[in-house]
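Coordinates as given in my_file.txt (compact mmCIF, C-alpha atoms and all ligand atoms):
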# COMPACT_ATOMS: atom_id res chain seq x y z
CA MET A 1 86.87 259.67 -65.48
CA LYS A 2 83.90 258.01 -63.75
CA ILE A 3 80.60 259.38 -65.06
CA THR A 4 77.03 258.33 -64.35
CA VAL A 5 74.43 258.53 -67.09
CA SER A 6 70.93 258.71 -65.58
CA VAL A 7 67.66 258.86 -67.43
CA ILE A 8 64.46 259.50 -65.51
CA LYS A 9 61.14 259.56 -67.34
CA ALA A 10 57.53 260.32 -66.46
CA ASP A 11 54.16 261.13 -67.98
CA VAL A 12 52.96 264.27 -66.22
CA GLY A 13 50.34 265.33 -68.74
CA SER A 14 49.68 265.60 -72.43
CA ILE A 15 47.59 267.35 -75.04
CA GLY A 16 44.26 266.01 -76.22
CA GLY A 17 44.40 262.69 -74.33
CA HIS A 18 47.69 260.86 -74.49
CA ILE A 19 49.25 262.36 -77.64
CA LYS A 20 52.25 264.42 -76.52
CA PRO A 21 53.32 266.87 -73.80
CA SER A 22 52.70 270.55 -74.54
CA GLN A 23 55.54 272.90 -75.45
CA LYS A 24 55.00 274.87 -72.23
CA LEU A 25 55.27 271.67 -70.19
CA MET A 26 58.47 270.66 -72.00
CA ASP A 27 59.91 274.16 -71.47
CA SER A 28 59.08 274.12 -67.76
CA VAL A 29 60.92 270.80 -67.26
CA LYS A 30 63.90 271.99 -69.34
CA ASP A 31 64.09 275.32 -67.46
CA PHE A 32 63.94 273.58 -64.10
CA VAL A 33 66.78 271.21 -65.00
CA GLN A 34 68.79 274.16 -66.35
CA GLU A 35 68.30 276.33 -63.25
CA LYS A 36 68.47 273.76 -60.44
CA GLY A 37 70.73 271.18 -62.06
CA LEU A 38 73.15 272.68 -64.55
CA LYS A 39 73.61 276.16 -63.13
CA LYS A 40 74.11 274.76 -59.61
CA GLY A 41 76.74 272.28 -60.84
CA LEU A 42 74.75 269.27 -59.64
CA ILE A 43 74.85 267.71 -63.10
CA ILE A 44 77.38 268.06 -65.91
CA ASP A 45 74.93 267.96 -68.80
CA ALA A 46 71.29 267.17 -69.60
CA TYR A 47 68.98 266.57 -72.52
CA VAL A 48 65.17 266.63 -72.27
CA SER A 49 63.02 264.95 -74.94
CA SER A 50 59.60 263.34 -75.34
CA THR A 51 58.31 260.08 -76.77
CA GLY A 52 54.53 259.87 -77.03
CA ASP A 53 53.15 261.37 -73.81
CA ASP A 54 56.33 260.81 -71.78
CA ILE A 55 59.11 263.26 -70.91
CA ALA A 56 62.62 261.88 -70.37
CA ILE A 57 65.40 263.78 -68.59
CA LEU A 58 68.80 262.41 -69.58
CA MET A 59 71.57 263.61 -67.23
CA THR A 60 75.30 263.11 -66.79
CA HIS A 61 76.98 263.60 -63.40
CA LYS A 62 79.56 262.24 -60.95
CA ARG A 63 77.32 261.14 -58.09
CA GLY A 64 76.75 257.49 -58.98
CA LYS A 65 73.52 255.51 -59.35
CA LEU A 66 70.43 256.06 -57.17
CA ASN A 67 71.79 259.38 -55.92
CA SER A 68 69.09 261.20 -53.98
CA ASP A 69 70.07 264.71 -55.18
CA ILE A 70 69.95 263.64 -58.83
CA HIS A 71 66.67 261.79 -58.43
CA LYS A 72 65.17 264.70 -56.50
CA LEU A 73 66.16 267.08 -59.28
CA ALA A 74 64.18 265.01 -61.79
CA TRP A 75 61.26 264.49 -59.38
CA ASP A 76 61.06 268.24 -58.65
CA ALA A 77 61.28 269.02 -62.38
CA PHE A 78 58.26 266.76 -62.95
CA VAL A 79 56.43 268.37 -60.01
CA ALA A 80 57.09 271.79 -61.58
CA GLY A 81 55.89 270.40 -64.93
CA THR A 82 52.74 269.06 -63.30
CA ALA A 83 51.84 272.58 -62.13
CA VAL A 84 52.09 273.79 -65.73
CA ALA A 85 50.14 270.75 -66.98
CA LYS A 86 47.33 271.50 -64.51
CA LYS A 87 47.27 275.16 -65.48
CA GLN A 88 46.93 274.24 -69.14
CA GLY A 89 44.28 271.59 -68.47
CA LEU A 90 46.47 268.84 -69.91
CA TYR A 91 45.19 265.29 -69.68
CA GLY A 92 46.65 263.08 -66.94
CA ALA A 93 48.48 265.95 -65.19
CA GLY A 94 50.92 264.44 -62.69
CA GLN A 95 49.84 260.93 -63.73
CA ASP A 96 53.11 259.13 -62.99
CA LEU A 97 53.92 260.90 -59.70
CA LEU A 98 52.33 258.24 -57.54
CA LYS A 99 53.64 259.34 -54.15
CA ASP A 100 53.04 262.66 -52.39
CA ALA A 101 56.52 263.30 -51.11
CA PHE A 102 59.96 262.45 -52.45
CA SER A 103 61.86 259.86 -50.41
CA GLY A 104 65.44 258.94 -51.30
CA ASN A 105 65.13 257.99 -54.96
CA VAL A 106 62.39 257.75 -57.58
CA LYS A 107 62.30 253.93 -57.62
CA GLY A 108 58.83 252.78 -56.66
CA MET A 109 57.44 256.32 -56.91
CA GLY A 110 56.19 256.18 -60.52
CA PRO A 111 58.89 257.61 -62.80
CA ALA A 112 61.01 255.12 -64.75
CA VAL A 113 64.78 255.18 -64.21
CA ALA A 114 67.77 253.63 -66.00
CA GLU A 115 71.35 254.40 -64.97
CA ILE A 116 74.88 253.33 -65.87
CA GLU A 117 78.02 254.34 -63.99
CA LEU A 118 80.97 254.06 -66.34
CA GLU A 119 84.65 254.71 -66.70
CA GLU A 120 84.34 257.03 -69.68
CA ARG A 121 86.08 255.81 -72.84
CA PRO A 122 87.82 258.50 -74.94
CA ASN A 123 85.05 257.99 -77.52
CA GLU A 124 82.13 257.10 -75.25
CA SER A 125 79.02 256.36 -77.34
CA PHE A 126 75.60 255.20 -76.21
CA LEU A 127 72.01 254.87 -77.29
CA PHE A 128 69.06 256.13 -75.28
CA PHE A 129 65.77 254.32 -76.00
CA ALA A 130 62.35 255.54 -74.83
CA ALA A 131 59.20 253.49 -75.42
CA ASP A 132 55.57 254.55 -74.95
CA LYS A 133 52.35 252.49 -74.66
CA THR A 134 54.22 249.40 -73.54
CA ASP A 135 56.07 247.85 -70.59
CA PRO A 136 59.73 247.08 -69.75
CA GLY A 137 59.50 243.56 -71.23
CA ALA A 138 59.39 245.26 -74.64
CA TYR A 139 63.21 245.40 -74.52
CA ASN A 140 63.63 241.69 -73.70
CA LEU A 141 63.72 240.42 -77.27
CA PRO A 142 65.82 243.21 -78.83
CA LEU A 143 68.41 243.05 -76.00
CA TYR A 144 68.55 239.27 -76.23
CA LEU A 145 69.12 239.40 -79.97
CA SER A 146 71.59 242.28 -80.10
CA PHE A 147 73.84 240.91 -77.33
CA SER A 148 73.51 237.16 -77.90
CA ASP A 149 72.48 236.25 -81.43
CA PRO A 150 75.03 236.32 -84.28
CA MET A 151 72.08 236.74 -86.67
CA HIS A 152 71.91 240.35 -85.40
CA ASN A 153 75.32 240.78 -83.81
CA ALA A 154 78.05 239.93 -86.31
CA GLY A 155 80.58 241.10 -83.73
CA LEU A 156 79.98 237.92 -81.71
CA LEU A 157 81.77 236.15 -84.56
CA LEU A 158 84.09 238.90 -85.75
CA SER A 159 85.18 240.94 -82.74
CA PRO A 160 87.44 239.47 -80.01
CA GLY A 161 86.08 242.03 -77.50
CA MET A 162 82.73 240.24 -77.32
CA SER A 163 83.84 236.62 -77.64
CA LYS A 164 83.49 235.94 -73.88
CA GLY A 165 79.81 236.90 -74.01
CA PHE A 166 77.71 238.92 -71.57
CA LYS A 167 76.17 238.61 -68.12
CA TYR A 168 72.43 239.30 -67.99
CA ILE A 169 70.77 240.42 -64.76
CA ILE A 170 67.08 239.56 -65.04
CA MET A 171 64.42 240.70 -62.57
CA ASP A 172 61.21 238.99 -61.50
CA VAL A 173 58.98 242.08 -61.64
CA GLU A 174 56.01 240.30 -60.10
CA TYR A 175 57.90 240.12 -56.82
CA VAL A 176 57.08 243.44 -55.18
CA ASP A 177 58.69 243.27 -51.69
CA ALA A 178 62.23 243.80 -52.99
CA ASP A 179 64.32 243.33 -56.16
CA ARG A 180 64.35 239.58 -56.97
CA ILE A 181 67.06 238.97 -59.55
CA ILE A 182 69.01 236.22 -61.30
CA GLU A 183 72.40 236.43 -63.05
CA LEU A 184 72.92 234.34 -66.19
CA ASN A 185 75.80 234.24 -68.64
CA THR A 186 75.96 233.95 -72.41
CA PRO A 187 76.75 231.85 -74.30
CA GLU A 188 76.50 228.90 -71.82
CA GLU A 189 73.12 229.76 -70.31
CA ILE A 190 71.45 231.16 -73.38
CA TYR A 191 68.52 228.71 -73.28
CA ASP A 192 67.87 229.58 -69.61
CA ILE A 193 67.87 233.26 -70.54
CA ALA A 194 65.41 232.62 -73.39
CA ALA A 195 63.19 230.52 -71.12
CA LEU A 196 62.80 233.51 -68.78
CA LEU A 197 62.68 236.30 -71.34
CA ARG A 198 59.79 234.75 -73.26
CA ASP A 199 57.58 235.95 -70.38
CA ASN A 200 57.81 239.71 -70.95
CA GLN A 201 55.41 240.63 -68.16
CA ARG A 202 57.20 238.69 -65.42
CA PHE A 203 60.91 238.57 -66.25
CA VAL A 204 62.64 241.72 -67.42
CA ILE A 205 66.26 242.44 -68.27
CA GLU A 206 67.56 244.89 -65.66
CA SER A 207 71.12 245.19 -66.94
CA ILE A 208 73.76 243.59 -69.17
CA HIS A 209 77.51 243.46 -68.42
CA SER A 210 80.54 242.59 -70.55
CA ARG A 211 82.29 239.40 -69.46
CA SER A 212 85.56 240.57 -71.04
CA THR A 213 85.84 243.84 -69.14
CA GLY A 214 83.17 243.63 -66.41
CA GLU A 215 81.77 246.95 -67.65
CA GLN A 216 78.03 247.60 -67.65
CA ALA A 217 76.68 247.67 -71.19
CA SER A 218 72.98 248.30 -70.70
CA ALA A 219 70.34 249.36 -68.17
CA VAL A 220 66.55 249.09 -68.42
CA SER A 221 63.90 250.69 -66.19
CA THR A 222 62.05 247.87 -64.47
CA THR A 223 59.17 249.77 -62.82
CA ARG A 224 55.75 248.17 -63.08
CA LEU A 225 53.27 250.91 -62.27
CA HIS A 226 50.44 248.56 -61.41
CA ASN A 227 52.65 246.97 -58.75
CA ILE A 228 53.05 250.39 -57.12
CA ALA A 229 49.57 251.77 -57.44
CA GLY A 230 47.63 248.49 -57.36
CA LYS A 231 45.40 249.89 -60.09
CA TYR A 232 45.43 251.33 -63.61
CA THR A 233 47.93 254.15 -64.02
CA GLY A 234 48.96 253.66 -67.65
CA LYS A 235 51.59 251.29 -68.95
CA ASP A 236 55.12 251.63 -67.68
CA ASP A 237 56.65 253.14 -70.82
CA PRO A 238 60.24 252.00 -70.19
CA VAL A 239 63.58 253.67 -70.93
CA CYS A 240 66.84 251.89 -71.75
CA LEU A 241 70.50 252.84 -72.12
CA VAL A 242 72.92 250.82 -74.26
CA ARG A 243 76.64 251.54 -74.62
CA VAL A 244 77.90 250.76 -78.10
CA GLN A 245 81.09 250.00 -80.09
CA GLY A 246 84.40 248.51 -78.95
CA SER A 247 83.69 245.64 -76.53
CA PHE A 248 79.96 246.31 -76.84
CA PRO A 249 77.74 245.67 -79.89
CA ALA A 250 78.00 248.18 -82.75
CA THR A 251 75.18 250.74 -82.93
CA GLY A 252 73.68 248.96 -85.93
CA GLU A 253 73.75 245.62 -84.12
CA VAL A 254 71.75 247.14 -81.28
CA LEU A 255 69.26 248.69 -83.71
CA SER A 256 68.92 245.60 -85.93
CA PRO A 257 66.22 243.75 -83.88
CA TYR A 258 63.93 246.80 -84.06
CA GLY A 259 63.38 245.94 -87.72
CA ILE A 260 61.15 243.07 -86.52
CA GLY A 261 58.38 245.22 -85.03
CA HIS A 262 57.75 242.47 -82.47
CA PHE A 263 54.42 242.28 -80.65
CA VAL A 264 54.42 243.76 -77.15
CA ALA A 265 51.89 244.46 -74.39
CA GLY A 266 50.32 247.92 -74.18
CA PHE A 267 48.54 249.88 -76.95
CA MET A 268 44.99 251.09 -76.13
CA ARG A 269 44.30 251.31 -72.35
CA GLY A 270 47.51 249.37 -71.73
CA SER A 271 45.46 246.24 -72.35
CA HIS A 272 46.23 245.06 -75.88
CA THR A 273 48.91 243.46 -77.99
CA GLY A 274 50.55 245.59 -80.67
CA PRO A 275 53.74 245.69 -82.73
CA LEU A 276 56.54 247.97 -81.50
CA MET A 277 57.14 250.74 -84.02
CA PRO A 278 60.58 252.42 -84.17
CA VAL A 279 59.86 256.18 -84.38
CA LYS A 280 61.72 259.48 -84.50
CA ALA A 281 62.32 261.24 -81.18
CA ASN A 282 59.50 263.52 -80.03
CA SER A 283 56.95 261.50 -82.06
CA THR A 284 53.29 261.50 -81.06
CA ILE A 285 50.78 258.72 -80.28
CA SER A 286 47.80 258.18 -82.54
CA PHE A 287 46.20 254.99 -83.97
CA PHE A 288 44.26 253.16 -81.20
CA ASP A 289 46.31 255.15 -78.66
CA GLY A 290 49.39 253.63 -80.21
CA PRO A 291 50.85 251.75 -81.78
CA PRO A 292 53.46 251.03 -79.08
CA VAL A 293 56.48 253.12 -80.07
CA VAL A 294 60.19 253.27 -79.33
CA SER A 295 62.65 256.08 -80.11
CA ALA A 296 66.44 255.76 -80.16
CA GLN A 297 68.77 258.73 -79.75
CA ALA A 298 72.52 258.23 -80.07
CA PHE A 299 74.99 260.37 -78.12
CA SER A 300 78.72 260.76 -77.85
CA MET A 301 80.18 262.18 -74.67
CA ARG A 302 83.47 263.56 -73.37
CA ASP A 303 84.03 264.45 -69.70
CA GLY A 304 80.29 263.97 -69.28
CA ILE A 305 79.45 266.64 -71.87
CA LEU A 306 76.96 265.34 -74.41
CA THR A 307 76.84 265.99 -78.12
CA GLU A 308 73.48 266.77 -79.65
CA PRO A 309 71.54 263.53 -80.25
CA ALA A 310 71.63 261.70 -83.56
CA ASP A 311 68.13 260.31 -84.13
CA ALA A 312 68.81 256.65 -84.96
CA PHE A 313 65.33 255.90 -86.37
CA ASP A 314 65.28 259.05 -88.55
CA GLN A 315 66.65 257.39 -91.67
CA PRO A 316 64.84 256.17 -94.84
CA PHE A 317 65.27 252.47 -93.97
CA TRP A 318 62.95 252.89 -90.97
CA ASN A 319 60.15 254.32 -93.12
CA TYR A 320 59.88 250.89 -94.70
CA VAL A 321 59.86 249.25 -91.24
CA ARG A 322 57.21 251.70 -90.03
CA SER A 323 54.98 250.75 -93.00
CA ALA A 324 55.44 247.04 -92.26
CA VAL A 325 54.68 247.62 -88.56
CA SER A 326 51.56 249.66 -89.48
CA GLN A 327 50.33 246.67 -91.48
CA LYS A 328 50.95 244.36 -88.48
CA ALA A 329 49.07 246.82 -86.24
CA ILE A 330 46.08 246.88 -88.59
CA ASP A 331 46.11 243.09 -88.89
CA ILE A 332 45.96 242.46 -85.16
CA ARG A 333 43.41 245.23 -84.62
CA ARG A 334 41.08 243.50 -87.07
CA GLN A 335 40.41 240.85 -84.43
CA GLY A 336 39.56 243.51 -81.83
CA PHE A 337 39.10 242.03 -78.37
CA SER A 338 39.45 238.41 -79.44
CA GLY A 339 42.15 236.06 -78.15
CA CYS A 340 45.73 237.31 -78.22
CA ALA A 341 44.74 240.78 -79.50
CA MET A 342 43.77 241.66 -75.92
CA LEU A 343 45.97 240.86 -72.91
CA PRO A 344 45.11 238.19 -70.30
CA TYR A 345 43.17 239.31 -67.20
CA SER A 346 46.28 239.67 -65.07
CA GLU A 347 47.58 242.35 -67.44
CA LEU A 348 44.39 244.30 -68.16
CA GLU A 349 44.94 247.84 -66.93
CA TYR A 350 41.27 248.50 -66.20
CA GLY A 351 39.25 246.67 -63.52
CA GLY A 352 35.84 247.20 -65.16
CA ILE A 353 35.81 243.84 -66.90
CA VAL A 354 36.36 241.99 -63.60
CA GLU A 355 33.23 243.63 -62.14
CA LYS A 356 31.30 242.76 -65.28
CA LEU A 357 32.33 239.10 -65.03
CA LYS A 358 31.32 238.95 -61.35
CA VAL A 359 27.82 240.06 -62.33
CA LEU A 360 27.66 237.61 -65.23
CA ASP A 361 28.97 234.78 -63.08
CA LYS A 362 25.85 234.95 -60.90
CA LYS A 363 23.66 234.54 -63.97
CA PHE A 364 25.26 231.23 -65.02
CA VAL A 365 23.15 228.10 -64.50
CA VAL A 366 24.39 224.52 -64.40
CA LYS A 367 22.11 222.32 -66.52
CA LYS A 368 21.16 218.99 -64.96
C1 LIG A 401 47.55 253.74 -72.55
C2 LIG A 401 46.95 255.06 -72.49
C3 LIG A 401 45.64 255.30 -73.15
C4 LIG A 401 44.52 255.48 -72.16
C5 LIG A 401 43.19 255.80 -72.84
C6 LIG A 401 42.06 256.04 -71.87
O1 LIG A 401 48.78 253.71 -71.92
O2 LIG A 401 47.50 255.94 -71.89
O3 LIG A 401 45.34 254.29 -74.06
O4 LIG A 401 44.41 254.31 -71.39
O5 LIG A 401 43.32 256.95 -73.62
O6 LIG A 401 42.46 256.98 -70.94
P1 LIG A 401 41.60 257.30 -69.63
O7 LIG A 401 41.23 256.00 -68.96
O8 LIG A 401 42.55 258.12 -68.81
O9 LIG A 401 40.41 258.06 -70.11
MG MG A 402 49.70 258.72 -70.53
MG MG A 403 53.23 257.16 -71.77

Can the structure in the file be given as structure tokens, please?
Amino acid sequence: MKITVSVIKADVGSIGGHIKPSQKLMDSVKDFVQEKGLKKGLIIDAYVSSTGDDIAILMTHKRGKLNSDIHKLAWDAFVAGTAVAKKQGLYGAGQDLLKDAFSGNVKGMGPAVAEIELEERPNESFLFFAADKTDPGAYNLPLYLSFSDPMHNAGLLLSPGMSKGFKYIIMDVEYVDADRIIELNTPEEIYDIAALLRDNQRFVIESIHSRSTGEQASAVSTTRLHNIAGKYTGKDDPVCLVRVQGSFPATGEVLSPYGIGHFVAGFMRGSHTGPLMPVKANSTISFFDGPPVVSAQAFSMRDGILTEPADAFDQPFWNYVRSAVSQKAIDIRRQGFSGCAMLPYSELEYGGIVEKLKVLDKKFVVKK
């Protein structure tokens, strides 16, 4: 049976700054999806969760990708949530709803979206990742390693299902007029893929496909909020779906790169470098409005009906990783604004510093 898995995520307000959405806000989004989506038969199943200040609506249905009814359901759920957020005085109420009226699908409107249409396997299993205080390039390194590097993916050596490699679709997210993409195949073009993916702010993995079966393995939200709004609106806080097992990497191979706690863009005011911490679902944001976090919830599905999630980072091993990542976060914070601890001008999410430099520029003198 053909099923589409869609996840649509937005920050429409949170408690005490950017810590987490309120319970009432979460309930309002859940109730809306229940009433207007499930009860009306528009979607087969749904699961609503939060990561930092973001709410993600995971849905299964039969309407394919970029379906306007599905996207409108999520948009309207966030609009309903915004009303609750405003009533409660939450911070950043409606923050990610950047357009006034819904038009067609949520792409380019603020919310992040990742979707896979799949021929459901009898034991369909997938991981849903949600990251906060960072941008879509945060998934570049983990997805490169888990699909292409035998140091993380033993299946590339051991499992015939993956021996043909994968096709990566990579997007140039600085190009704003339309989707500018390139298709590259592993293993032959692995150095070309690495050459692009090193630039996390410009080139972002949009999707990955199996070369053995042609099936889509992964989808990442590629929205860059500052491209839409032209000004600070928070970092993009990307979501990602990864199908696992069989001709795809095993769950543990997909999780393996998150043990690195690699440095990503985001953190305080979306303008710093910080290590990506794997956290439990529904975790909050704290130290220096961070650190950048990522949650991973595993699901199985039959006929589009989801199991409850298994929280993939809720296991003692990840406590050790979280301690190591905390140490990395403290280390880079010790150098404050200096050098690589803060992002280059093009990535700073606040314009204030540009104004400051304009004023200072006039005060410079050239000594004869
Ligand atoms: C980063 C983020 C926070 C805010 C910071 C200031 O993604 O959401 O770090 O940038 O708390 O918030 P404002 O400018 O809204 O007062
Ligand atoms: Mg926020
Ligand atoms: Mg956020």

Each chain A residue no farther than 8 Å from ligand MG 403 (chain A), nearest pair in Å, all atoms listed in the file, as JSON lines:
{"residue": "A:Ala10", "atom": "CA", "partner": "A:MG403", "partner_atom": "MG", "distance": 7.5}
{"residue": "A:Asp11", "atom": "CA", "partner": "A:MG403", "partner_atom": "MG", "distance": 5.6}
{"residue": "A:His18", "atom": "CA", "partner": "A:MG403", "partner_atom": "MG", "distance": 7.2}
{"residue": "A:Thr51", "atom": "CA", "partner": "A:MG403", "partner_atom": "MG", "distance": 7.7}
{"residue": "A:Gly52", "atom": "CA", "partner": "A:MG403", "partner_atom": "MG", "distance": 6.1}
{"residue": "A:Asp53", "atom": "CA", "partner": "A:MG403", "partner_atom": "MG", "distance": 4.7}
{"residue": "A:Asp54", "atom": "CA", "partner": "A:MG403", "partner_atom": "MG", "distance": 4.8}
{"residue": "A:Ala131", "atom": "CA", "partner": "A:MG403", "partner_atom": "MG", "distance": 7.9}
{"residue": "A:Asp132", "atom": "CA", "partner": "A:MG403", "partner_atom": "MG", "distance": 4.7}
{"residue": "A:Lys133", "atom": "CA", "partner": "A:MG403", "partner_atom": "MG", "distance": 5.6}
{"residue": "A:Gly234", "atom": "CA", "partner": "A:MG403", "partner_atom": "MG", "distance": 6.9}
{"residue": "A:Lys235", "atom": "CA", "partner": "A:MG403", "partner_atom": "MG", "distance": 6.7}
{"residue": "A:Asp236", "atom": "CA", "partner": "A:MG403", "partner_atom": "MG", "distance": 7.1}
{"residue": "A:Asp237", "atom": "CA", "partner": "A:MG403", "partner_atom": "MG", "distance": 5.4}

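One finds CA of Ala341 in chain A at 27.6 Å from CA of Pro111 in chain A.
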
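Comparing A:Val84, A:Val176, A:Ile57, A:Ile15 by their smallest distance to ligand MG 402 (chain A), the closest is A:Ile15 (using only C-alpha atoms and all ligand atoms).
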
Determine, using only C-alpha atoms and all ligand atoms, which residues of chain A have any atom at most 10 Å from an atom of ligand LIG 401 (chain A), and tabulate each with its shortest atom pair and distance in Å to one decimal place, rows ordered by chain and then rising number, as a Markdown table.
| residue | atom | partner | partner_atom | distance |
| --- | --- | --- | --- | --- |
| A:Asp11 | CA | A:LIG401 | O2 | 9.3 |
| A:Ser14 | CA | A:LIG401 | O2 | 9.9 |
| A:Gly16 | CA | A:LIG401 | O5 | 9.5 |
| A:Gly17 | CA | A:LIG401 | O5 | 5.9 |
| A:His18 | CA | A:LIG401 | O2 | 5.6 |
| A:Ile19 | CA | A:LIG401 | O2 | 8.8 |
| A:Gly52 | CA | A:LIG401 | O2 | 9.6 |
| A:Asp53 | CA | A:LIG401 | O2 | 8.1 |
| A:Tyr91 | CA | A:LIG401 | O8 | 7.7 |
| A:Gly92 | CA | A:LIG401 | O8 | 6.7 |
| A:Gln95 | CA | A:LIG401 | O8 | 9.3 |
| A:Asp132 | CA | A:LIG401 | O1 | 7.5 |
| A:Lys133 | CA | A:LIG401 | O1 | 4.7 |
| A:Thr134 | CA | A:LIG401 | O1 | 7.1 |
| A:Asp135 | CA | A:LIG401 | O1 | 9.4 |
| A:Tyr232 | CA | A:LIG401 | O7 | 8.3 |
| A:Thr233 | CA | A:LIG401 | O1 | 8.0 |
| A:Gly234 | CA | A:LIG401 | O1 | 4.3 |
| A:Lys235 | CA | A:LIG401 | O1 | 4.8 |
| A:Asp236 | CA | A:LIG401 | O1 | 7.9 |
| A:Asp237 | CA | A:LIG401 | O1 | 8.0 |
| A:Gly266 | CA | A:LIG401 | O1 | 6.4 |
| A:Phe267 | CA | A:LIG401 | C1 | 5.9 |
| A:Met268 | CA | A:LIG401 | O3 | 3.8 |
| A:Arg269 | CA | A:LIG401 | O4 | 3.2 |
| A:Gly270 | CA | A:LIG401 | C1 | 4.4 |
| A:Ser271 | CA | A:LIG401 | C1 | 7.8 |
| A:His272 | CA | A:LIG401 | C1 | 9.4 |
| A:Ile285 | CA | A:LIG401 | O3 | 9.4 |
| A:Ser286 | CA | A:LIG401 | O3 | 9.6 |
| A:Phe287 | CA | A:LIG401 | O3 | 10.0 |
| A:Phe288 | CA | A:LIG401 | O3 | 7.3 |
| A:Asp289 | CA | A:LIG401 | O3 | 4.8 |
| A:Gly290 | CA | A:LIG401 | O3 | 7.4 |
| A:Pro291 | CA | A:LIG401 | O3 | 9.8 |
| A:Pro292 | CA | A:LIG401 | O1 | 9.0 |
| A:Glu349 | CA | A:LIG401 | O4 | 7.9 |
| A:Tyr350 | CA | A:LIG401 | O7 | 8.0 |

Based on the selection just made, write C-alpha atoms of those residues as a PDB file, keeping the file's coordinate frame.
ATOM      1  CA  ASP A  11      54.160 261.130 -67.980  1.00  0.00           C
ATOM      2  CA  SER A  14      49.680 265.600 -72.430  1.00  0.00           C
ATOM      3  CA  GLY A  16      44.260 266.010 -76.220  1.00  0.00           C
ATOM      4  CA  GLY A  17      44.400 262.690 -74.330  1.00  0.00           C
ATOM      5  CA  HIS A  18      47.690 260.860 -74.490  1.00  0.00           C
ATOM      6  CA  ILE A  19      49.250 262.360 -77.640  1.00  0.00           C
ATOM      7  CA  GLY A  52      54.530 259.870 -77.030  1.00  0.00           C
ATOM      8  CA  ASP A  53      53.150 261.370 -73.810  1.00  0.00           C
ATOM      9  CA  TYR A  91      45.190 265.290 -69.680  1.00  0.00           C
ATOM     10  CA  GLY A  92      46.650 263.080 -66.940  1.00  0.00           C
ATOM     11  CA  GLN A  95      49.840 260.930 -63.730  1.00  0.00           C
ATOM     12  CA  ASP A 132      55.570 254.550 -74.950  1.00  0.00           C
ATOM     13  CA  LYS A 133      52.350 252.490 -74.660  1.00  0.00           C
ATOM     14  CA  THR A 134      54.220 249.400 -73.540  1.00  0.00           C
ATOM     15  CA  ASP A 135      56.070 247.850 -70.590  1.00  0.00           C
ATOM     16  CA  TYR A 232      45.430 251.330 -63.610  1.00  0.00           C
ATOM     17  CA  THR A 233      47.930 254.150 -64.020  1.00  0.00           C
ATOM     18  CA  GLY A 234      48.960 253.660 -67.650  1.00  0.00           C
ATOM     19  CA  LYS A 235      51.590 251.290 -68.950  1.00  0.00           C
ATOM     20  CA  ASP A 236      55.120 251.630 -67.680  1.00  0.00           C
ATOM     21  CA  ASP A 237      56.650 253.140 -70.820  1.00  0.00           C
ATOM     22  CA  GLY A 266      50.320 247.920 -74.180  1.00  0.00           C
ATOM     23  CA  PHE A 267      48.540 249.880 -76.950  1.00  0.00           C
ATOM     24  CA  MET A 268      44.990 251.090 -76.130  1.00  0.00           C
ATOM     25  CA  ARG A 269      44.300 251.310 -72.350  1.00  0.00           C
ATOM     26  CA  GLY A 270      47.510 249.370 -71.730  1.00  0.00           C
ATOM     27  CA  SER A 271      45.460 246.240 -72.350  1.00  0.00           C
ATOM     28  CA  HIS A 272      46.230 245.060 -75.880  1.00  0.00           C
ATOM     29  CA  ILE A 285      50.780 258.720 -80.280  1.00  0.00           C
ATOM     30  CA  SER A 286      47.800 258.180 -82.540  1.00  0.00           C
ATOM     31  CA  PHE A 287      46.200 254.990 -83.970  1.00  0.00           C
ATOM     32  CA  PHE A 288      44.260 253.160 -81.200  1.00  0.00           C
ATOM     33  CA  ASP A 289      46.310 255.150 -78.660  1.00  0.00           C
ATOM     34  CA  GLY A 290      49.390 253.630 -80.210  1.00  0.00           C
ATOM     35  CA  PRO A 291      50.850 251.750 -81.780  1.00  0.00           C
ATOM     36  CA  PRO A 292      53.460 251.030 -79.080  1.00  0.00           C
ATOM     37  CA  GLU A 349      44.940 247.840 -66.930  1.00  0.00           C
ATOM     38  CA  TYR A 350      41.270 248.500 -66.200  1.00  0.00           C
TER      39      TYR A 350
END

Could you check the closest approach to ligand MG 402 (chain A) for each of A:Thr284, A:Thr223, A:Thr60, A:Ser146 and tell me which residue wins, using only C-alpha atoms and all ligand atoms?
A:Thr284

Residues near range 241-257 of chain A, anyone? I mean within 7 Å using all atoms listed in the file, not counting same-chain ones fewer than 4 positions away, as number ranges by chain.
A: 114, 125-129, 142, 145-147, 152-153, 155, 161-162, 217-220

A:Gly339, A:Gly352, A:Gly94, A:Gly64: which is nearest ligand MG 402 (chain A), counting all atoms listed in the file?
A:Gly94

Taking (63.3, 235.1, -68.3) in the file's coordinates, which residues come within 12 Å, counting all atoms listed in the file, written as number ranges by chain?
A: 137, 140-141, 144, 168-173, 181-184, 189-206

Using the file's own x, y and z axes, what box holds all listed atoms of range 354-365 of chain A with 3 Å on each side, keeping edges along x, y and z, and what are its centre and edge lengths in Å to one decimal, as AutoDock Vina command-line options?
--center_x 29.8 --center_y 235.9 --center_z -63.1 --size_x 19.2 --size_y 21.5 --size_z 10.4

Identify which of the residues A:Lys62, A:Leu225, A:Ala77, A:Pro150 lies closest to ligand MG 402 (chain A), counting all atoms listed in the file when measuring atom-to-atom distances.
A:Leu225

So, counting all atoms listed in the file, which residue among A:Leu73, A:Leu90, A:Ile228, A:Ala46 is closest to ligand MG 402 (chain A)?
A:Leu90

What is the distance, in Å and to one decimal place, between CA of Ile70 in chain A and CA of Leu42 in chain A?
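A separation of 7.4 Å between them.
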